[in-house]
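Student: Below is a structure I'd like to ask you about.
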Amino acid sequence: MNRRKFINLGALAGAVTVAPTTYVLGETGLLKDKKEKRYQKGASPWPVCLDTATIRPASLKDKVKIAAKAGYDAIEPWDGELQEFEAKGGNLKDLGKEIKDLGLFVPSVIGLWNSLPPTQELFDKSLVDTRNRMRMAAAIGAQHIQTIPDTAGENFNQKWVANRYKDIIEIGLKEFNIHPALVFVKYQPVKTLGQAMGIALDSNHPKAMIIPDTYHMYISEGGFEGLKLVNGNAIAIFQFSDAPASPAVADLGDKDRVYPGDGILPLPQILKDLKATGFKGCISLELYNPEYYKQDLQKVAETGLRKTLEVIKKAGV
C-alpha cells in the first residue's frame, strides 16, 4: 500500500454502525488501524480497573497487591480507606508510588460526599472536606475523583447543582490537578444518566464529565439506550457489574451486584455502544456482594477480571 488516508468513521454518519475509531483506507477497503492501543494482552480496548469495594474486607495495601497479582491495569479506592490509611501513619504519596511500581494506576477515587448541598452556606462549609478528599486522591496520583450529589435534595435545582459542580471542577483542576466527574445513584437525588448529563451540560464547563454505572443505569430504570447519545470524551470511568434476575428491580440493592455475565444485563451490547462513543478510559469492576466477601479475595478479584474479559470478548470490541 503506497498511500494511506486516515479517517474517523464517526464522520461517516449513517454509512456504517461502528465505533468512531481510527481506520485506514487501503486497496481492499477499510482496515482497522493497528496502532489502536489495547490492554489485557490485546483482549480489551480499555484498561480494566478493580474498584476496592469488590474486595472490601482486605486492607488497602492488600487490595493493591491483590489487584496487581490478579492482573488488573488499575485500582479505584475510596476516600474512607485513604483517610484511615493516613490516620494510621501511612504516607499517601508512598502508597501512590507503590501502586505505580506494581504496574497499576489510579483512574478515580470515590468520592466527594456532601459536595453539592442545596445552599451556598452549606456548600462553603462542605469545601473543607471536599478539598481534603481531593488532596488525598491527588497524593496517590488519581486522575479523577467522583463528585457525589448525595445531599443535593430530592427536588434539587439543576442549575444550582450544575454551577456548584462547575466550582468543584475548577477547584480540582487548579488546586489539585485532579479532574472531578459526576456520578448518579438510584438511592440519591441524581438517579439517572440523563439527570447527570443534564447537570454536566448545564455546568457549561469544557471539562465536565460523568461516571456511568451499568447497575445504576438498570435499577434507576433510566435504561441503556441513552449511552448511544453520549460522547465518550464526557465519560471519566465506566463502572461495571451485572444484575440478577431476582429480586425485582425495585428491590435490588448494591449488595445484589454479581459478576459480569452472571446476571441478565445486556453487557455485550452496552460495551459495543460504549466503544461507539469513543470512550478510552477504564472499565471498573464494582461489586458489593457480601457473599463474595466471605470468599478468598484473591480468587474474587481474579474471577471478576476473567468474567469482565469474557464479556468484552463477547462484545467483539
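Each chain of the C-alpha cells is named A, B, ... in the order shown, its residues numbered from 1; ligands are numbered from 1 in display order.
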Which residues come within 9 Å of Val230 in chain A, counting only C-alpha atoms, excluding same-chain residues fewer than 5 positions away, as a PyMOL selection string?

Tutor: chain A and resi 197+235+274+277

Student: For Leu252 in chain A, please output as a list in words all residues within 9 Å (counting only C-alpha atoms; exclusion window: fewer than 5 positions along the same chain).

Tutor: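 So, after excluding close chain neighbours, the residues are Ile219, Ala243, Pro244, Ser246, Pro247 and Arg257 of chain A.
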
Student: Within 12 Å of range 106-110 of chain A, which residues of range 174-241 of chain A show up? Give each one with its shortest atom-to-atom distance in Å (one decimal) and the two atoms involved, counting only C-alpha atoms, rows by chain then rising residue number, as a Markdown table.

Tutor:
```
| residue | atom | partner | partner_atom | distance |
| --- | --- | --- | --- | --- |
| A:Ile178 | CA | A:Ser108 | CA | 9.3 |
| A:His179 | CA | A:Ser108 | CA | 8.9 |
| A:Pro180 | CA | A:Ser108 | CA | 8.9 |
| A:Ala181 | CA | A:Ser108 | CA | 9.0 |
| A:Leu182 | CA | A:Ile110 | CA | 10.7 |
| A:Val183 | CA | A:Ile110 | CA | 9.8 |
| A:Ile210 | CA | A:Ser108 | CA | 11.8 |
| A:Ile211 | CA | A:Ser108 | CA | 9.9 |
| A:Ile235 | CA | A:Pro107 | CA | 11.8 |
| A:Ala236 | CA | A:Pro107 | CA | 8.2 |
| A:Ile237 | CA | A:Pro107 | CA | 7.3 |
| A:Phe238 | CA | A:Ser108 | CA | 10.4 |
| A:Gln239 | CA | A:Ser108 | CA | 10.7 |
```

Student: Would you save the residues from that selection as a CSV table (one decimal), in the first residue's frame, using N, CA, C and O atoms?

Tutor:
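In the end it all went to out-v9.csv:
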```csv
chain,number,residue,atom,x,y,z
A,178,ILE,N,-6.5,17.5,39.7
A,178,ILE,CA,-7.4,16.3,39.7
A,178,ILE,C,-8.7,16.7,39.0
A,178,ILE,O,-9.2,17.8,39.2
A,179,HIS,N,-9.3,15.8,38.3
A,179,HIS,CA,-10.5,16.1,37.5
A,179,HIS,C,-11.8,15.5,38.1
A,179,HIS,O,-12.0,14.3,37.9
A,180,PRO,N,-12.6,16.3,38.7
A,180,PRO,CA,-13.8,15.8,39.3
A,180,PRO,C,-14.9,15.4,38.2
A,180,PRO,O,-15.1,16.2,37.3
A,181,ALA,N,-15.5,14.3,38.4
A,181,ALA,CA,-16.5,13.8,37.5
A,181,ALA,C,-17.8,13.5,38.3
A,181,ALA,O,-17.7,13.1,39.5
A,182,LEU,N,-18.9,13.6,37.7
A,182,LEU,CA,-20.2,13.5,38.4
A,182,LEU,C,-20.8,12.0,38.3
A,182,LEU,O,-20.8,11.5,37.2
A,183,VAL,N,-21.3,11.5,39.4
A,183,VAL,CA,-21.9,10.2,39.4
A,183,VAL,C,-23.4,10.3,39.6
A,183,VAL,O,-23.9,11.4,40.1
A,210,ILE,N,-19.0,12.7,33.4
A,210,ILE,CA,-19.9,11.8,34.2
A,210,ILE,C,-19.2,10.5,34.4
A,210,ILE,O,-18.3,10.1,33.7
A,211,ILE,N,-19.8,9.7,35.3
A,211,ILE,CA,-19.3,8.3,35.5
A,211,ILE,C,-20.6,7.4,35.5
A,211,ILE,O,-21.3,7.3,36.5
A,235,ILE,N,-17.1,10.9,29.4
A,235,ILE,CA,-17.1,9.8,30.4
A,235,ILE,C,-15.7,9.6,31.1
A,235,ILE,O,-14.7,9.4,30.4
A,236,ALA,N,-15.6,9.8,32.4
A,236,ALA,CA,-14.4,9.7,33.1
A,236,ALA,C,-13.9,8.2,33.3
A,236,ALA,O,-12.8,7.8,33.1
A,237,ILE,N,-14.9,7.4,33.7
A,237,ILE,CA,-14.6,6.0,34.0
A,237,ILE,C,-16.0,5.3,33.9
A,237,ILE,O,-17.0,5.9,34.1
A,238,PHE,N,-16.0,4.0,33.6
A,238,PHE,CA,-17.2,3.3,33.4
A,238,PHE,C,-17.3,2.2,34.5
A,238,PHE,O,-16.6,1.2,34.4
A,239,GLN,N,-18.3,2.3,35.4
A,239,GLN,CA,-18.4,1.3,36.5
A,239,GLN,C,-19.2,0.1,35.9
A,239,GLN,O,-20.2,0.3,35.2
```

Student: If we count only C-alpha atoms, what is near Pro57 in chain A at a cut-off of 12 Å, once residues fewer than 4 positions away on the same chain are taken out, given as a VMD selection string?

Tutor: chain A and resid 52 to 53 61 to 63 81 288 to 298 300

Student: What does the distance from CA of Arg135 in chain A to CA of Lys93 in chain A come to in Å, to one decimal?

Tutor: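 Going from CA of Arg135 in chain A over to CA of Lys93 in chain A, I get 10.6 Å.
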
Student: Would you list the contacts of Phe184 in chain A as a list in words, taking every protein, DNA or RNA residue within 10 Å and counting only C-alpha atoms, but skipping same-chain residues closer than 5 positions in sequence?

Tutor: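 After dropping sequence-adjacent residues, the list is Gln146, Thr147, Ile148, Pro149, Asp150, Pro189, Val190, Lys191, Thr192, Leu193, Gly194, Gln195, Ala196, Met197, Ile210, Ile211, Pro212, Asp213, His216, Met217 and Ser220 of chain A.
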
Student: Okay, now the selection with all heavy atoms, as a compact mmCIF listing (two decimals), in the first residue's frame?

Tutor:
```
# COMPACT_ATOMS: atom_id res chain seq x y z
N GLN A 146 -14.72 11.19 42.17
CA GLN A 146 -16.16 11.15 41.93
C GLN A 146 -16.88 12.21 42.75
O GLN A 146 -16.76 12.26 43.98
CB GLN A 146 -16.71 9.76 42.26
CG GLN A 146 -16.16 8.67 41.37
CD GLN A 146 -16.97 7.40 41.42
OE1 GLN A 146 -18.10 7.37 41.90
NE2 GLN A 146 -16.41 6.32 40.92
N THR A 147 -17.63 13.05 42.07
CA THR A 147 -18.43 14.09 42.71
C THR A 147 -19.81 13.52 42.97
O THR A 147 -20.53 13.17 42.03
CB THR A 147 -18.52 15.33 41.80
OG1 THR A 147 -17.19 15.73 41.44
CG2 THR A 147 -19.21 16.46 42.51
N ILE A 148 -20.17 13.40 44.25
CA ILE A 148 -21.36 12.65 44.65
C ILE A 148 -22.44 13.62 45.15
O ILE A 148 -22.28 14.22 46.21
CB ILE A 148 -21.01 11.63 45.74
CG1 ILE A 148 -19.86 10.72 45.26
CG2 ILE A 148 -22.23 10.81 46.13
CD1 ILE A 148 -19.27 9.85 46.34
N PRO A 149 -23.54 13.77 44.42
CA PRO A 149 -24.59 14.71 44.82
C PRO A 149 -25.58 14.10 45.81
O PRO A 149 -26.80 14.20 45.66
CB PRO A 149 -25.26 15.06 43.48
CG PRO A 149 -25.07 13.84 42.65
CD PRO A 149 -23.77 13.20 43.09
N ASP A 150 -25.06 13.44 46.84
CA ASP A 150 -25.92 12.71 47.77
C ASP A 150 -26.78 13.62 48.64
O ASP A 150 -27.80 13.18 49.16
CB ASP A 150 -25.08 11.78 48.65
CG ASP A 150 -23.95 12.49 49.38
OD1 ASP A 150 -23.38 13.45 48.84
OD2 ASP A 150 -23.61 12.07 50.51
N PRO A 189 -30.39 11.77 45.08
CA PRO A 189 -31.21 12.69 44.27
C PRO A 189 -30.95 12.62 42.77
O PRO A 189 -31.90 12.67 41.98
CB PRO A 189 -30.83 14.07 44.83
CG PRO A 189 -30.47 13.80 46.26
CD PRO A 189 -29.77 12.47 46.23
N VAL A 190 -29.70 12.51 42.36
CA VAL A 190 -29.37 12.39 40.94
C VAL A 190 -29.30 10.91 40.62
O VAL A 190 -28.33 10.24 40.95
CB VAL A 190 -28.05 13.12 40.60
CG1 VAL A 190 -27.73 12.99 39.11
CG2 VAL A 190 -28.14 14.60 40.99
N LYS A 191 -30.34 10.40 39.96
CA LYS A 191 -30.53 8.96 39.87
C LYS A 191 -30.18 8.34 38.52
O LYS A 191 -29.92 7.14 38.44
CB LYS A 191 -32.00 8.63 40.18
CG LYS A 191 -32.48 9.14 41.52
CD LYS A 191 -33.96 8.83 41.73
CE LYS A 191 -34.49 9.47 43.01
NZ LYS A 191 -33.77 9.02 44.21
N THR A 192 -30.23 9.13 37.45
CA THR A 192 -30.12 8.56 36.12
C THR A 192 -29.01 9.19 35.30
O THR A 192 -28.54 10.29 35.59
CB THR A 192 -31.44 8.72 35.34
OG1 THR A 192 -31.65 10.11 35.08
CG2 THR A 192 -32.62 8.14 36.10
N LEU A 193 -28.64 8.49 34.24
CA LEU A 193 -27.66 9.01 33.29
C LEU A 193 -28.13 10.35 32.72
O LEU A 193 -27.34 11.29 32.59
CB LEU A 193 -27.46 8.00 32.16
CG LEU A 193 -26.59 8.42 30.98
CD1 LEU A 193 -25.15 8.63 31.42
CD2 LEU A 193 -26.65 7.37 29.87
N GLY A 194 -29.41 10.45 32.40
CA GLY A 194 -29.94 11.67 31.82
C GLY A 194 -29.83 12.86 32.77
O GLY A 194 -29.47 13.97 32.36
N GLN A 195 -30.12 12.63 34.05
CA GLN A 195 -30.01 13.72 35.02
C GLN A 195 -28.55 14.16 35.18
O GLN A 195 -28.26 15.36 35.25
CB GLN A 195 -30.57 13.27 36.37
CG GLN A 195 -32.08 13.15 36.39
CD GLN A 195 -32.60 12.64 37.72
OE1 GLN A 195 -32.07 11.68 38.27
NE2 GLN A 195 -33.63 13.29 38.25
N ALA A 196 -27.65 13.19 35.24
CA ALA A 196 -26.23 13.52 35.38
C ALA A 196 -25.71 14.29 34.17
O ALA A 196 -24.98 15.28 34.30
CB ALA A 196 -25.41 12.25 35.59
N MET A 197 -26.12 13.85 32.98
CA MET A 197 -25.69 14.55 31.76
C MET A 197 -26.28 15.96 31.71
O MET A 197 -25.62 16.90 31.26
CB MET A 197 -26.11 13.77 30.53
CG MET A 197 -25.14 12.67 30.12
SD MET A 197 -23.44 13.23 29.83
CE MET A 197 -23.69 14.45 28.52
N ILE A 210 -18.99 12.71 33.38
CA ILE A 210 -19.87 11.85 34.18
C ILE A 210 -19.23 10.47 34.35
O ILE A 210 -18.28 10.11 33.65
CB ILE A 210 -21.25 11.69 33.54
CG1 ILE A 210 -21.12 11.05 32.15
CG2 ILE A 210 -21.97 13.03 33.47
CD1 ILE A 210 -22.42 10.51 31.60
N ILE A 211 -19.79 9.71 35.29
CA ILE A 211 -19.34 8.34 35.53
C ILE A 211 -20.56 7.42 35.50
O ILE A 211 -21.27 7.29 36.51
CB ILE A 211 -18.59 8.20 36.86
CG1 ILE A 211 -17.35 9.11 36.85
CG2 ILE A 211 -18.20 6.75 37.12
CD1 ILE A 211 -16.55 9.09 38.14
N PRO A 212 -20.83 6.78 34.37
CA PRO A 212 -21.96 5.83 34.31
C PRO A 212 -21.65 4.55 35.08
O PRO A 212 -20.48 4.20 35.30
CB PRO A 212 -22.10 5.55 32.81
CG PRO A 212 -21.33 6.63 32.12
CD PRO A 212 -20.22 6.98 33.06
N ASP A 213 -22.69 3.86 35.46
CA ASP A 213 -22.59 2.60 36.18
C ASP A 213 -23.68 1.68 35.61
O ASP A 213 -24.86 2.02 35.68
CB ASP A 213 -22.80 2.86 37.67
CG ASP A 213 -22.72 1.63 38.54
OD1 ASP A 213 -23.14 0.54 38.10
OD2 ASP A 213 -22.25 1.74 39.69
N HIS A 216 -26.56 0.96 38.13
CA HIS A 216 -27.50 2.04 38.43
C HIS A 216 -28.25 2.50 37.19
O HIS A 216 -29.37 3.02 37.30
CB HIS A 216 -26.77 3.19 39.12
CG HIS A 216 -26.51 2.91 40.56
ND1 HIS A 216 -27.49 2.89 41.52
CD2 HIS A 216 -25.35 2.59 41.20
CE1 HIS A 216 -26.97 2.59 42.69
NE2 HIS A 216 -25.68 2.39 42.52
N MET A 217 -27.68 2.31 36.02
CA MET A 217 -28.45 2.56 34.80
C MET A 217 -29.67 1.63 34.77
O MET A 217 -30.75 2.01 34.32
CB MET A 217 -27.57 2.34 33.56
CG MET A 217 -26.48 3.37 33.40
SD MET A 217 -25.25 2.92 32.15
CE MET A 217 -26.13 3.36 30.65
N SER A 220 -32.13 2.22 38.28
CA SER A 220 -32.81 3.52 38.26
C SER A 220 -33.88 3.55 37.18
O SER A 220 -34.67 4.50 37.10
CB SER A 220 -31.80 4.64 37.99
OG SER A 220 -31.32 4.57 36.66
```

Student: Write out as a ChimeraX atom specification the residues lying within 8 Å of Leu267 in chain A, counting only C-alpha atoms and excluding same-chain residues fewer than 3 positions away.

Tutor: /A:242,260-261,270-271,311,315

Student: Which of these residues is nearest to Tyr72 in chain A, using only C-alpha atoms: A:Ala152, A:Cys49, A:Leu127, A:Ala87?

Tutor: A:Cys49

Student: May I have all residues of range 134-312 of chain A that DSSP, computed from the backbone, assigns to strand (DSSP E or B), given as a PDB file with N, CA, C and O atoms, in the first residue's frame?

Tutor:
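Once written, selection_17.pdb looks like this:
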```pdb
ATOM      1  N   HIS A 144      -9.088  11.214  38.413  1.00  0.00           N
ATOM      2  CA  HIS A 144     -10.419  11.761  38.660  1.00  0.00           C
ATOM      3  C   HIS A 144     -10.813  11.526  40.118  1.00  0.00           C
ATOM      4  O   HIS A 144     -10.231  10.691  40.810  1.00  0.00           O
ATOM      5  N   ILE A 145     -11.826  12.261  40.537  1.00  0.00           N
ATOM      6  CA  ILE A 145     -12.468  11.973  41.809  1.00  0.00           C
ATOM      7  C   ILE A 145     -13.970  12.097  41.584  1.00  0.00           C
ATOM      8  O   ILE A 145     -14.428  12.990  40.857  1.00  0.00           O
ATOM      9  N   GLN A 146     -14.721  11.188  42.167  1.00  0.00           N
ATOM     10  CA  GLN A 146     -16.161  11.147  41.926  1.00  0.00           C
ATOM     11  C   GLN A 146     -16.882  12.213  42.750  1.00  0.00           C
ATOM     12  O   GLN A 146     -16.756  12.258  43.975  1.00  0.00           O
ATOM     13  N   THR A 147     -17.627  13.051  42.071  1.00  0.00           N
ATOM     14  CA  THR A 147     -18.428  14.091  42.709  1.00  0.00           C
ATOM     15  C   THR A 147     -19.808  13.516  42.971  1.00  0.00           C
ATOM     16  O   THR A 147     -20.529  13.166  42.032  1.00  0.00           O
ATOM     17  N   HIS A 179      -9.332  15.782  38.313  1.00  0.00           N
ATOM     18  CA  HIS A 179     -10.478  16.089  37.458  1.00  0.00           C
ATOM     19  C   HIS A 179     -11.756  15.504  38.063  1.00  0.00           C
ATOM     20  O   HIS A 179     -12.016  14.306  37.938  1.00  0.00           O
ATOM     21  N   PRO A 180     -12.591  16.315  38.728  1.00  0.00           N
ATOM     22  CA  PRO A 180     -13.833  15.801  39.305  1.00  0.00           C
ATOM     23  C   PRO A 180     -14.858  15.424  38.229  1.00  0.00           C
ATOM     24  O   PRO A 180     -15.062  16.162  37.262  1.00  0.00           O
ATOM     25  N   ALA A 181     -15.492  14.270  38.414  1.00  0.00           N
ATOM     26  CA  ALA A 181     -16.536  13.802  37.498  1.00  0.00           C
ATOM     27  C   ALA A 181     -17.776  13.457  38.310  1.00  0.00           C
ATOM     28  O   ALA A 181     -17.694  13.076  39.477  1.00  0.00           O
ATOM     29  N   LEU A 182     -18.936  13.582  37.697  1.00  0.00           N
ATOM     30  CA  LEU A 182     -20.216  13.453  38.394  1.00  0.00           C
ATOM     31  C   LEU A 182     -20.788  12.044  38.291  1.00  0.00           C
ATOM     32  O   LEU A 182     -20.836  11.460  37.209  1.00  0.00           O
ATOM     33  N   VAL A 183     -21.265  11.522  39.416  1.00  0.00           N
ATOM     34  CA  VAL A 183     -21.900  10.205  39.427  1.00  0.00           C
ATOM     35  C   VAL A 183     -23.409  10.334  39.617  1.00  0.00           C
ATOM     36  O   VAL A 183     -23.905  11.365  40.055  1.00  0.00           O
ATOM     37  N   ILE A 210     -18.995  12.705  33.382  1.00  0.00           N
ATOM     38  CA  ILE A 210     -19.866  11.848  34.183  1.00  0.00           C
ATOM     39  C   ILE A 210     -19.235  10.471  34.353  1.00  0.00           C
ATOM     40  O   ILE A 210     -18.280  10.112  33.651  1.00  0.00           O
ATOM     41  N   ILE A 211     -19.791   9.706  35.293  1.00  0.00           N
ATOM     42  CA  ILE A 211     -19.337   8.335  35.530  1.00  0.00           C
ATOM     43  C   ILE A 211     -20.558   7.417  35.501  1.00  0.00           C
ATOM     44  O   ILE A 211     -21.274   7.288  36.506  1.00  0.00           O
ATOM     45  N   ASP A 213     -22.692   3.860  35.456  1.00  0.00           N
ATOM     46  CA  ASP A 213     -22.593   2.597  36.181  1.00  0.00           C
ATOM     47  C   ASP A 213     -23.678   1.685  35.614  1.00  0.00           C
ATOM     48  O   ASP A 213     -24.862   2.022  35.685  1.00  0.00           O
ATOM     49  N   ILE A 235     -17.072  10.871  29.449  1.00  0.00           N
ATOM     50  CA  ILE A 235     -17.096   9.790  30.439  1.00  0.00           C
ATOM     51  C   ILE A 235     -15.707   9.638  31.063  1.00  0.00           C
ATOM     52  O   ILE A 235     -14.722   9.412  30.361  1.00  0.00           O
ATOM     53  N   ILE A 237     -14.873   7.399  33.730  1.00  0.00           N
ATOM     54  CA  ILE A 237     -14.628   5.986  34.017  1.00  0.00           C
ATOM     55  C   ILE A 237     -15.984   5.287  33.922  1.00  0.00           C
ATOM     56  O   ILE A 237     -17.030   5.924  34.091  1.00  0.00           O
ATOM     57  N   PHE A 238     -15.987   3.995  33.646  1.00  0.00           N
ATOM     58  CA  PHE A 238     -17.240   3.277  33.440  1.00  0.00           C
ATOM     59  C   PHE A 238     -17.335   2.151  34.457  1.00  0.00           C
ATOM     60  O   PHE A 238     -16.584   1.168  34.397  1.00  0.00           O
ATOM     61  N   GLN A 239     -18.256   2.303  35.441  1.00  0.00           N
ATOM     62  CA  GLN A 239     -18.421   1.288  36.484  1.00  0.00           C
ATOM     63  C   GLN A 239     -19.181   0.088  35.921  1.00  0.00           C
ATOM     64  O   GLN A 239     -20.181   0.263  35.222  1.00  0.00           O
ATOM     65  N   PHE A 240     -18.741  -1.106  36.296  1.00  0.00           N
ATOM     66  CA  PHE A 240     -19.200  -2.303  35.597  1.00  0.00           C
ATOM     67  C   PHE A 240     -19.580  -3.418  36.561  1.00  0.00           C
ATOM     68  O   PHE A 240     -18.803  -3.799  37.451  1.00  0.00           O
ATOM     69  N   ASP A 242     -22.972  -6.778  36.883  1.00  0.00           N
ATOM     70  CA  ASP A 242     -24.212  -7.352  36.356  1.00  0.00           C
ATOM     71  C   ASP A 242     -25.271  -7.332  37.447  1.00  0.00           C
ATOM     72  O   ASP A 242     -24.977  -7.072  38.624  1.00  0.00           O
ATOM     73  N   VAL A 258     -23.660  -8.733  40.846  1.00  0.00           N
ATOM     74  CA  VAL A 258     -22.993 -10.011  40.579  1.00  0.00           C
ATOM     75  C   VAL A 258     -21.945  -9.819  39.488  1.00  0.00           C
ATOM     76  O   VAL A 258     -21.893  -8.799  38.816  1.00  0.00           O
ATOM     77  N   CYS A 282     -11.197   3.731  31.709  1.00  0.00           N
ATOM     78  CA  CYS A 282     -11.215   2.420  32.368  1.00  0.00           C
ATOM     79  C   CYS A 282     -12.614   1.842  32.494  1.00  0.00           C
ATOM     80  O   CYS A 282     -13.591   2.566  32.703  1.00  0.00           O
ATOM     81  N   ILE A 283     -12.664   0.517  32.414  1.00  0.00           N
ATOM     82  CA  ILE A 283     -13.821  -0.243  32.861  1.00  0.00           C
ATOM     83  C   ILE A 283     -13.501  -0.670  34.287  1.00  0.00           C
ATOM     84  O   ILE A 283     -12.485  -1.332  34.526  1.00  0.00           O
ATOM     85  N   SER A 284     -14.332  -0.267  35.251  1.00  0.00           N
ATOM     86  CA  SER A 284     -14.026  -0.546  36.650  1.00  0.00           C
ATOM     87  C   SER A 284     -15.029  -1.521  37.251  1.00  0.00           C
ATOM     88  O   SER A 284     -16.220  -1.221  37.347  1.00  0.00           O
ATOM     89  N   LEU A 285     -14.551  -2.682  37.646  1.00  0.00           N
ATOM     90  CA  LEU A 285     -15.419  -3.705  38.245  1.00  0.00           C
ATOM     91  C   LEU A 285     -15.794  -3.277  39.655  1.00  0.00           C
ATOM     92  O   LEU A 285     -14.935  -3.100  40.524  1.00  0.00           O
TER      93      LEU A 285
END
```

Student: I'd like the neighbourhood of range 169-176 of chain A as a JSON list (two decimals) with N, CA and C atoms, in the first residue's frame, where a residue qualifies if any of its atoms comes within 10 Å (using only C-alpha atoms), though same-chain residues fewer than 6 positions away should be ignored.

Tutor:
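Written output follows (out05.json):
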```json
[["chain", "number", "residue", "atom", "x", "y", "z"],
["A", 127, "LEU", "N", -16.70, 22.58, 51.51],
["A", 127, "LEU", "CA", -15.44, 22.67, 50.76],
["A", 127, "LEU", "C", -14.22, 22.24, 51.58],
["A", 130, "THR", "N", -14.25, 18.59, 51.00],
["A", 130, "THR", "CA", -14.03, 18.37, 49.57],
["A", 130, "THR", "C", -12.57, 18.55, 49.22],
["A", 131, "ARG", "N", -11.97, 19.61, 49.71],
["A", 131, "ARG", "CA", -10.55, 19.86, 49.41],
["A", 131, "ARG", "C", -9.66, 18.79, 50.03],
["A", 134, "MET", "N", -9.88, 15.73, 47.86],
["A", 134, "MET", "CA", -9.11, 15.96, 46.64],
["A", 134, "MET", "C", -7.61, 15.83, 46.91],
["A", 135, "ARG", "N", -7.18, 16.37, 48.04],
["A", 135, "ARG", "CA", -5.76, 16.28, 48.40],
["A", 135, "ARG", "C", -5.31, 14.83, 48.51],
["A", 136, "MET", "N", -6.09, 14.02, 49.20],
["A", 136, "MET", "CA", -5.73, 12.61, 49.37],
["A", 136, "MET", "C", -5.68, 11.89, 48.03],
["A", 137, "ALA", "N", -6.70, 12.13, 47.20],
["A", 137, "ALA", "CA", -6.76, 11.47, 45.89],
["A", 137, "ALA", "C", -5.58, 11.89, 45.03],
["A", 138, "ALA", "N", -5.25, 13.18, 45.06],
["A", 138, "ALA", "CA", -4.13, 13.68, 44.26],
["A", 138, "ALA", "C", -2.81, 13.08, 44.74],
["A", 139, "ALA", "N", -2.70, 12.85, 46.05],
["A", 139, "ALA", "CA", -1.46, 12.33, 46.62],
["A", 139, "ALA", "C", -1.12, 10.94, 46.08],
["A", 144, "HIS", "N", -9.09, 11.21, 38.41],
["A", 144, "HIS", "CA", -10.42, 11.76, 38.66],
["A", 144, "HIS", "C", -10.81, 11.53, 40.12],
["A", 145, "ILE", "N", -11.83, 12.26, 40.54],
["A", 145, "ILE", "CA", -12.47, 11.97, 41.81],
["A", 145, "ILE", "C", -13.97, 12.10, 41.58],
["A", 147, "THR", "N", -17.63, 13.05, 42.07],
["A", 147, "THR", "CA", -18.43, 14.09, 42.71],
["A", 147, "THR", "C", -19.81, 13.52, 42.97],
["A", 163, "ASN", "N", -23.94, 24.65, 38.63],
["A", 163, "ASN", "CA", -22.99, 25.72, 38.92],
["A", 163, "ASN", "C", -22.01, 25.35, 40.02],
["A", 182, "LEU", "N", -18.94, 13.58, 37.70],
["A", 182, "LEU", "CA", -20.22, 13.45, 38.39],
["A", 182, "LEU", "C", -20.79, 12.04, 38.29],
["A", 203, "SER", "N", -23.54, 22.82, 33.50],
["A", 203, "SER", "CA", -22.37, 23.42, 34.16],
["A", 203, "SER", "C", -21.62, 24.32, 33.19],
["A", 205, "HIS", "N", -19.10, 23.81, 31.41],
["A", 205, "HIS", "CA", -17.65, 23.72, 31.61],
["A", 205, "HIS", "C", -17.08, 22.70, 30.63],
["A", 206, "PRO", "N", -16.02, 23.04, 29.92],
["A", 206, "PRO", "CA", -15.48, 22.12, 28.91],
["A", 206, "PRO", "C", -14.91, 20.84, 29.50],
["A", 207, "LYS", "N", -14.66, 20.80, 30.80],
["A", 207, "LYS", "CA", -14.09, 19.61, 31.44],
["A", 207, "LYS", "C", -15.12, 18.83, 32.25],
["A", 208, "ALA", "N", -16.39, 19.16, 32.11],
["A", 208, "ALA", "CA", -17.43, 18.42, 32.83],
["A", 208, "ALA", "C", -17.48, 16.98, 32.33],
["A", 209, "MET", "N", -17.59, 16.02, 33.26],
["A", 209, "MET", "CA", -17.63, 14.61, 32.90],
["A", 209, "MET", "C", -18.57, 13.86, 33.84]]
```

Student: Nearest to Lys159 in chain A among A:Leu201, A:Leu104, A:Leu122, A:Leu287, with distances taken over only C-alpha atoms: which residue is it?

Tutor: A:Leu201

Student: Considering only C-alpha atoms, state which residue in the set A:Phe156, A:Lys97, A:Ser126, A:Gly111 is at the smallest distance from Gly141 in chain A.

Tutor: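 Between A:Phe156, A:Lys97, A:Ser126, A:Gly111, the residue approaching Gly141 in chain A most closely is A:Lys97.
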
Student: Would you please extract all alpha helix (DSSP H) residues from range 1-207 of chain A, as assigned by DSSP on the backbone, and give them as an NGL selection string?

Tutor: :A and (60-70 or 79-87 or 92-101 or 120-139 or 158-171 or 193-202)

Student: From the options A:Leu309, A:Ala245, A:Ala142, A:Leu112, which residue's atoms come nearest to Asp129 in chain A, counting only C-alpha atoms?

Tutor: A:Leu112

Student: Nearest to Gly253 in chain A: which of A:Ile199, A:Leu227, A:Ile312, A:Val185 is it, counting only C-alpha atoms?

Tutor: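 Ranked by minimum distance to Gly253 in chain A, first place goes to A:Val185.
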
Student: Between A:Gly223, A:Ala162, A:Thr214, A:Glu86, single out the one closest to Gly198 in chain A, counting only C-alpha atoms.

Tutor: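 Of A:Gly223, A:Ala162, A:Thr214, A:Glu86, the one nearest Gly198 in chain A, counting only C-alpha atoms, is A:Ala162.
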
Student: Skipping near chain neighbours, those fewer than 4 positions away, what residues fall within 10 Å of Ala43 in chain A using only C-alpha atoms, listed as a list in words?

Tutor: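 Contacts, in chain order: Arg38, Tyr39, Pro47, Leu309, Glu310, Ile312, Lys313, Gly316 and Val317 of chain A.
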